[in-house]
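Take a look at the structure below.
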Amino acid sequence: MSILQIENVTKRYSKHTALDDVSLSVPRGSIYGLLGPNGAGKTTLIRVINRITLPDAGRVIFDGKPISDEDIYHIGYLPEERGLYKKMKVGEQALFFARLKGLSRREALTRLKEWFVRLGIESWWDKKVEDLSKGMAQKVQFITTVLHTPKLLIFDEPFSGFDPINANILKQEILRLRDEGATVIFSTHNMASVEEICDHITLINKSHNILSGSVDELRHRFGENVFEVTYGGGSSAFEAAMSPLAELMGTVEVADTPYHTSRIRLRQDASVRQSIATANDAVELRSFREVMPSMNDIFIRAVEGTL
Amino acid sequence: MNKIGIIIAREFNERVRKKSFIITTILMPVLMLGMMAAPTLMMLFAKGETKELLVIDQSSIIVPNLEGDDELTFAPSTLSLEQARANQDVFGVLWIGEDIVDNPSNVKLYTNSSSSMSLEENISSQMERIIERERLKRYDIDNLEQIMKDVKVSVSLTNFRNDLAEEGKDEEATSSVIAYLLGLVLGMMLYMFLLIYGSMVMTSVIEEKGSRVLDVLVSSVSPFQLMMGKILGVAAVAVTQIAIWGVLVCGIGSALLPALMPQDVMQSVEAVQAGTITSAQAGIDADMLSAISFATDTGRLVMMFVWLLLFLVGGFLFYSAMFAAVGSAVDSIQDANQLQTPITVPIILALILAMSVFNDPNSPLAFWGSIIPLTSPVVMMARIPFDIPTWQIVLSLVLLYISVVATAWVAGKIYRVGIFMHGKKPSFKELLSWIKQ
């Protein structure tokens with residue numbers, strides 16, 4: 001069951017096409033990574049979802065129905081370029097954005113107090129934004145994004161500008177929101193964070209969706225039959241035994257132990273079971289595991305068209 | 001509360017709570033009163049010491065009739081010119097020749113420091129008066145003094161308006177001087193409000209775009225709602241300011257002024273307002289009376305403020321939408337300068353046209369200037385004090401408000417595209433292509 005479906009969306013500007021027949025589907029309760037190089041069309045896609053711009057063709061289905069203006073009350077958006085009114089006080093400003101998202105004044109106040117306490121920033125209420133540090137302002141903006149308990153949260157590079165401690169606090173909050181039922185879309189270049197928290201991704205390049213799927217499935221799909229084997233006994237024995245089955249990619253000694261670790265790529269006709277048996281006969285096998293490609297590798301290979 | 005309302009409230013609250021707003025709102029009327037009082041004050045302070053002038057009058061005709069005042073006193077002297085000139089303690093010496101009546105140029109003024117125009121004017125006009133009378137005396141007319149008194153006259157012209165009068169009643173027109181002053185103030189006010197509040201909208205759009213608050217805002221409201229909310233919020237600030245001034249002026253006019261003015265002046269004013277006498281018959285300076293009469297006529301003042309508000313709001317909406325569009329298209333105020341020229345030029349032109357109104361409020365130039373929406377707010381406000389026909393005002397308003405819808409639509413189109421454009425400043429051609437998009 002998906003909360004958001006993008007169906008054949010196309011968006012043209014006078015000089016270029018920002019989105020060309022893009023389709024994707026965001027499963028409910030997932031953390032969905034929206035990846036792609038700069039200028040690929042991610043921001044345009046997010047704007048289409050937010051109804052900031054309307055697509056020239058195609059449609060957006062939100063929660064089972066074509067998206068309407070009412071639905072933006074159920075979407076929270078944290079843009080990459082953060083911005084708050086500098087001269088306005090933190091509390092008033094948070095209240096203003098909350099009310100624009102349809103919360104009543106009283107409801108907004110209650111929820112804001114809760115969040116300010118949770119993130120330990122109660123004392124900022126009457127401060128002006130211009131007196132806050134960048135990280136502090138980001139926290140405030142994060143609160144304004146999630147305050148109206150949206151069903152769908154869209155974060156554009158949410159961790160940029162945060163120190164590791166606050167980035168972690170933010171990550172925990174995002175995971176908590178997901179556990180409470182929200183669906184999260186991440187737009188990011190940071191592949192480490194994608195592997196860490198995203199369960200699905202879509203890769204957009206040059207206005208096209210070039211890759212979609214769950215992170216595990218993709219890594220598996222793009223695995224290249226590479227394995228990492230750690231063993232005791234001579235490395236030459238291992239190499240001799242394995243050479244009919246696999247191509248040897250390199251061997252290192254494991255420091256302070258009698259073990260070696262070798263990387264091998266199995267040949268097309270070789271099975272994993274047979275390879276393990278052969279290795280087991282030749283050396284004292286400690287571990288035998290598949291090496292998954294990192295999302296970074298997949299990203300680069302996909303963008304460069306070498307998949 | 002709907003979203004435009006929330007945005008209006010924010011724009012309004014942020015601005016009226018600023019110290020600068022509170023100060024200007026309170027200080028402006030004080031400043032205006034000060035400016036009106038300035039000439040009197042200046043005269044008070046400009047007055048130097050009394051100057052003493054020795055007069056050597058060979059003819060003996062002039063000196064007995066010279067009248068001294070606070071500024072200048074005349075001291076008849078029998079000294080010779082050389083001796084008098086040696087006296088450094090006096091301001092100077094006035095030497096009058098024996099044949100002054102026949103030869104009016106035979107008079108010399110020696111001063112120990114620089115003389116002044118007003119002083120020379122004072123002396124020569126007094127002498128002219130005296131010499132004229134001396135020459136008249138030669139005709140041996142009986143009762144000359146009496147005749148002179150009788151013929152002395154000062155004309156007070158009262159202007160009535162046939163086109164505005166009710167049946168059987170004389171409608172006294174607003175004195176031209178008052179209408180002129182009022183038109184000047186109202187026209188200038190509109191001009192300043194359009195420019196100041198218009199660029200306020202522009203600056204605020206540029207700031208919003210620069211601080212990227214926009215990206216957050218437009219995920220909650222449409223760009224058009226955002227633009228209109230901002231414009232209406234700033235308009236509310238302008239209206240508040242004018243309303244406060246209006247209440248102050250009407251309050252001073254209807255409560256304070258009658259209390260301060262002498263009883264007989266107020267009686268004459270009431271009589272003039274009731275139409276039983278004309279301002280000229282009242283025996284007080286006609287322009288002065290007309291001014292007091294206008295300032296204490298609350299009904300007319302209120303009407304004037306209603307027109308002012310209508311034209312202010314209309315003109316502001318018309319221009320600020322364009323200011324907002326320009327603000328949305330650029331990244332900095334510096335970049336905005338060139339693009340805003342087509343907006344500021346008509347406003348300045350309007351002020352120039354408004355100045356021409358004072359020569360002839362009903363000239364075709366003044367008429368069309370006050371009808372065509374680009375210049376109409378400023379020019380019409382300058383014309384209204386001249387009691388022009390109401391249909392012209394209404395027509396002008398209707399056209400203005402229709403144009404407001406059109407400019408808001410066009411500006412909204414530019415705004416919608418402009419706020420997401422960063423980097424190069426767009427050309428006019430690009431702006432046009434945004435409208436078509």
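In the structure tokens, chains take letters A, B, ... by order of appearance, with residues numbered from 1 within each chain and ligands from 1 in the order shown.
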Could you pull out all residues of segment 51-289 of chain A with a DSSP call of alpha helix (DSSP H) and give them as a VMD selection string? chain A and resid 90 to 100 105 to 118 134 to 146 164 to 179 191 to 197 215 to 221 235 to 242 272 to 282
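If we count only C-alpha atoms, these residues of chain A sit within 8 Å of chain B: A:Arg47, A:Asn50, A:Arg51, A:Ile52, A:Ile72, A:Tyr73, A:Tyr77, A:Leu78, A:Pro79, A:Glu81, A:Arg82, A:Gly83, A:Leu84, A:Tyr85, A:Met88, A:Phe96, A:Phe97, A:Arg99, A:Leu100, A:Lys101.
With atom CA of Leu317 of chain B on one side and atom CA of Val404 of chain B on the other, the separation reads 6.1 Å.
Here atom CA of Arg133 of chain B is placed at a distance of 23.1 Å from atom CA of Leu54 of chain B.
Coordinates place atom CA of Thr203 of chain B at a distance of 18.1 Å from atom CA of Lys424 of chain B.
Within the 8 Å cut-off around Phe358 of chain B, using only C-alpha atoms and omitting residues fewer than 4 positions from it on the same chain, the listed residues are Tyr180, Gly183, Ala354, Ala382 and Arg383 of chain B.
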Near Gln5 of chain A, within 6 Å and counting only C-alpha atoms, which residues show up once chain neighbours fewer than 4 positions away are dropped, as number ranges by chain? A: 24-25, 60-61
As a list in words, please: the residues near Gly187 of chain B (cut-off 9 Å, only C-alpha atoms, same-chain neighbours under 5 positions excluded). Leu182, Met192, Ala350, Leu351, Ala354, Met355, Pro377, Val378, Val379, Met380, Met381, Ala382 and Arg383 of chain B
Residues from the last selection, C-alpha atoms, saved as an mmCIF file, in the first residue's frame:
```
data_model
loop_
_atom_site.group_PDB
_atom_site.id
_atom_site.type_symbol
_atom_site.label_atom_id
_atom_site.label_comp_id
_atom_site.auth_asym_id
_atom_site.auth_seq_id
_atom_site.Cartn_x
_atom_site.Cartn_y
_atom_site.Cartn_z
ATOM 1 C CA LEU B 182 -4.844 71.007 0.936
ATOM 2 C CA MET B 192 5.000 59.508 -0.522
ATOM 3 C CA ALA B 350 1.820 61.980 -11.241
ATOM 4 C CA LEU B 351 3.313 64.435 -8.771
ATOM 5 C CA ALA B 354 -0.560 67.271 -9.624
ATOM 6 C CA MET B 355 1.452 70.498 -9.532
ATOM 7 C CA PRO B 377 -4.438 58.524 -7.162
ATOM 8 C CA VAL B 378 -1.989 61.394 -6.745
ATOM 9 C CA VAL B 379 -3.560 63.809 -9.242
ATOM 10 C CA MET B 380 -7.116 63.189 -8.064
ATOM 11 C CA MET B 381 -6.191 63.798 -4.445
ATOM 12 C CA ALA B 382 -4.662 67.104 -5.506
ATOM 13 C CA ARG B 383 -7.911 67.981 -7.349
#
```
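Candidate residues B:Ile178, B:Leu256, B:Ile206, B:Val90 were compared for distance to Lys51 of chain B, and the nearest is B:Val90, using only C-alpha atoms.
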Which residues, written as a list in words, have at least one atom at most 12 Å from Met303 of chain B, with only C-alpha atoms counted and residues fewer than 4 positions away on the same chain left out? Gly246, Cys250, Phe294, Asp297, Thr298, Gly299, Trp307, Leu308, Leu309, Leu310, Ile384, Pro385, Asp387 and Thr390 of chain B
For Asp71 of chain A: contacts at 10 Å, only C-alpha atoms, fewer than 4 positions along chain excluded, given as number ranges by chain: A: 49-51, 62-63, 65-67, 75, 150-152
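The residue that comes closest to Glu122 of chain A, out of A:Val22, A:Ala108, A:Val140, A:Val303 and on the basis of only C-alpha atoms, is A:Val140.
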